[in-house]
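Since the structure comes first, as structure tokens, the remarks are kept for the end.
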Amino acid sequence: MTSTAYDRLAARFARLATVQEASAVLGWDAAAMMPPGGAAARGDQLAVLAGLAHGLLTESQVGDDLAEAEAAGENPDAWRAANLRLMRHAYTRATALPPSLVEAQARANSACEKVWRKARRAADFAMVRPYLETVVALVREAAEALAPALGLSPYDALMDGFQRGIGAADVAPIFRDYEAFLRLALPETERREARAPEPLRPQGPFPVERQEALCRWLTERAGLDFAHARLDRSAHPFCGGIPADIRITTRYDEADFSQSLMAVLHETGHALYERGLPVAYARQPVGEADGMAAHESQSLIVEMQACRSDAYLSWLGPVLRQRFGGDPARYAAGNLGRLWRRVARGFIRVDADEMTYPAHVILRFRLEQALVGGELAVADLPGAWNDGLQALLGIVPPDDALGCLQDIHWYDGGFGYFPSYTLGAMAAAQLMAAARREVPDLGAALRRGELAPLTGWLGAKVHAMGSLLGFNELMRHATGKPLDPADFTAHLRARYLS
């Protein structure tokens with residue numbers, strides 16, 4: 001039987017996805033299991049797989065098959081039609097970048113990232129500056145190459161690589177409105193917290209083995225099947241692997257179990273999304289998650305919206321005391337809420353609370369736009385960072401390690417995806433508001449520590465849709481409207497100002 005052009009494309013993209021899956025598992029292994037001496041060999045392995053993947057995607061036959069399938073109009077089914085559009089999109093992005101530029105970026109990013117680690121430890125931006133200048137120059141070149149191919153501005157072309165359909169013009173007014181909200185809400189929240197009792201920390205030590213057992217138990221209760229998942233340790237928590245083989249990692253502190261606990265609940269949201277993607281379109285573009293903002297919404301609805309709620313904490317507190325022992329007052333829901341939802345201005349993005357976190361994202365969004373557009377020289381980044389943070393949060397980092405050197409992303413060539421973090425937080429609040437309307441007795445389920453009613457609703461409304469719809473249409477499908485930041489500010493008012 002003669003295969004159609006679409007069939008040939010589907011087979012090619014399945015092969016491409018399989019190569020990328022191998023890279024994903026090797027990446028997890030490098031972070032969680034690999035001995036240090038394996039780093040060079042692992043780099044070679046990943047580079048070869050990346051080359052194979054790029055070659056599969058950019059062969060001339062792909063373009064011929066895309067043109068034939070599009071001309072044939074053989075995909076009346078919405079899923080197949082969307083899959084073909086996404087194939088074209090992937091091909092357009094890949095072929096817009098010359099292989100020499102892709103290789104130059106890989107080399108520059110690797111060199112800069114290695115020097116950045118030393119520069120951060122020394123709090124010495126000058127050490128890494130020339131390397132970052134090379135990275136930014138190549139990012140600009142890539143953005144300029146992608147822009148005409150995609151019909152977007154250079155910066156929007158970078159954003160498109162992480163969340164299709166959302167550009168700077170969409171994000172900028174959302175961030176301006178949030179900055180205005182924060183200017184009033186943050187001082188009022190701080191005044192309220194100052195009047196409240198100081199939260200009490202549960203007293204350790206908390207053995208790692210008990211923390212790990214608790215984290216696994218909570219993850220299973222949330223619905224993750226460990227026939228298709230693992231929980232391991234790494235320096236930085238993440239969710240990796242593939243939909244059939246999920247790899248969650250976290251880190252443990254015997255003096256404070258909250259770090260591992262909340263990290264695992266966060267990564268469980270990511271994991272459930274991956275596990276819930278449509279099996280019928282596995283290893284096809286339409287069967288993948290619908291972008292980084294969509295993904296972040298799934299981790300944050302589990303961690304921030306559900307598991308830091310008063311309802312869930314009223315159940316979790318007694319569980320924690322049973323597991324670890326100690327003063328019951330320290331495990332009371334009110335105390336845990338004050339402890340784990342404390343709002344404070346800080347220098348470090350990854351440690352920020354949910355109210356001030358968007359300010360860190362807004363800062364990076366504005367600075368990276370200026371860097372990519374050429375309005376900000378790399379040499380001026382530390383000063384611009386300090387000025388921007390002072391304007392947003394009224395604080396200035398004492399050194400560059402707590403300022404522009406704190407994140408790896410720019411030094412590894414990652415530009416255009418920071419906005420997705422806050423868009424994801426806003427989407428999580430909107431999804432939770434819809435779930436509260438549509439899921440019977442959701443609050444009562446959370447008070448019993450049951451996440452299944454929520455995750456089941458998410459499975460139907462979000463996970464099973466893959467990349468069929470695009471971000472705003474996915475939000476409309478799940479909640480009845482596109483992204484609406486008002487739901488996020490309403491959530492913050494209810495949690496911190498009511």
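Convention: chains lettered A, B, ... in structure tokens order; per-chain residue numbering from 1; ligands numbered from 1 as shown.
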Pick out the residues sitting within 8 Å of Leu451 (chain A), and hand them over as a list in words; count only C-alpha atoms, and ignore anything fewer than 5 positions along from it in its own chain. Arg221, Ala222, Gly223, Ala306, Ala445 and Leu446 of chain A
Just the residues within 12 Å of region 333-339 of chain A, please, counting only C-alpha atoms, with nothing from its chain fewer than 6 positions along; format it as a ChimeraX atom specification. /A:189,192-202,256,258,304,307-321,327,353,447,495-496
For the residues selected in the previous step, produce a file with C-alpha atoms as a short mmCIF file (atom, residue, chain, number, x, y, z; two decimals), in the first residue's frame.
data_model
loop_
_atom_site.label_atom_id
_atom_site.label_comp_id
_atom_site.auth_asym_id
_atom_site.auth_seq_id
_atom_site.Cartn_x
_atom_site.Cartn_y
_atom_site.Cartn_z
CA THR A 189 0.38 42.68 52.29
CA ARG A 192 -0.86 42.73 57.26
CA GLU A 193 1.93 40.20 57.72
CA ALA A 194 3.66 42.46 60.22
CA ARG A 195 0.51 42.42 62.37
CA ALA A 196 0.12 38.62 62.17
CA PRO A 197 1.86 36.16 64.52
CA GLU A 198 5.34 35.19 63.39
CA PRO A 199 5.15 31.72 61.80
CA LEU A 200 6.85 28.87 63.63
CA ARG A 201 9.06 26.45 61.70
CA PRO A 202 8.68 22.74 62.41
CA ASP A 256 13.63 21.83 56.37
CA SER A 258 9.30 22.05 52.86
CA MET A 304 0.39 26.99 44.58
CA CYS A 307 -1.40 22.33 47.89
CA ARG A 308 -0.74 25.71 49.55
CA SER A 309 -4.46 26.33 50.08
CA ASP A 310 -5.91 26.40 53.59
CA ALA A 311 -8.08 23.40 52.71
CA TYR A 312 -5.17 21.16 51.72
CA LEU A 313 -2.94 22.38 54.54
CA SER A 314 -5.64 21.48 57.09
CA TRP A 315 -5.22 17.87 55.93
CA LEU A 316 -1.47 17.97 55.34
CA GLY A 317 -0.54 19.37 58.76
CA PRO A 318 -1.60 16.28 60.76
CA VAL A 319 0.06 14.05 58.17
CA LEU A 320 3.34 15.89 58.59
CA ARG A 321 3.16 15.72 62.38
CA ASP A 327 4.83 20.58 68.38
CA ASP A 353 6.75 34.14 46.70
CA ARG A 447 -9.61 19.12 52.90
CA ARG A 495 -5.28 34.95 49.75
CA TYR A 496 -3.34 37.92 51.10
#
9 Å contact set for Gly167 (chain A), only C-alpha atoms, chain neighbours under 5 positions out, as a list in words: Leu152, Ser153, Tyr155, Asp156, Ala157, Met159, Asp160 and Ala172 of chain A
How would the residues just chosen look if you wrote them out with C-alpha atoms as a CSV table (one decimal), in the first residue's frame?
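Writing the result to result-v1.csv gives the following:
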chain,number,residue,atom,x,y,z
A,152,LEU,CA,7.3,37.8,13.5
A,153,SER,CA,9.6,40.4,15.2
A,155,TYR,CA,12.1,38.9,19.9
A,156,ASP,CA,8.7,37.4,19.2
A,157,ALA,CA,10.5,34.7,17.1
A,159,MET,CA,9.2,33.7,22.4
A,160,ASP,CA,7.6,31.5,19.7
A,172,ALA,CA,3.7,44.0,27.9
Using only C-alpha atoms: which of A:Val378, A:Leu468, A:Ala293, A:Ala229 has the shortest distance to Asp77 (chain A):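 Residue with the minimum atom-to-atom distance to Asp77 (chain A): A:Leu468.
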Determine which residues of region 112-321 of chain A DSSP labels as alpha helix (DSSP H) from the backbone of this structure, then write them out as a ChimeraX atom specification. /A:112-122,125-150,154-160,168-195,208-222,258-275,292-300,310-321
Would you mind writing down, as a ChimeraX atom specification, each residue of region 205-356 of chain A that DSSP on the backbone assigns to strand (DSSP E or B)? /A:229-233,238-242,245-250
When you look at Asp225 (chain A) with a cut-off of 12 Å (counting only C-alpha atoms), what residues show up, excluding the ones that are within fewer than 4 positions of it in the same chain? I need them as a PyMOL selection string. chain A and resi 216-221+229-231+243-247+268+271-272+274-276
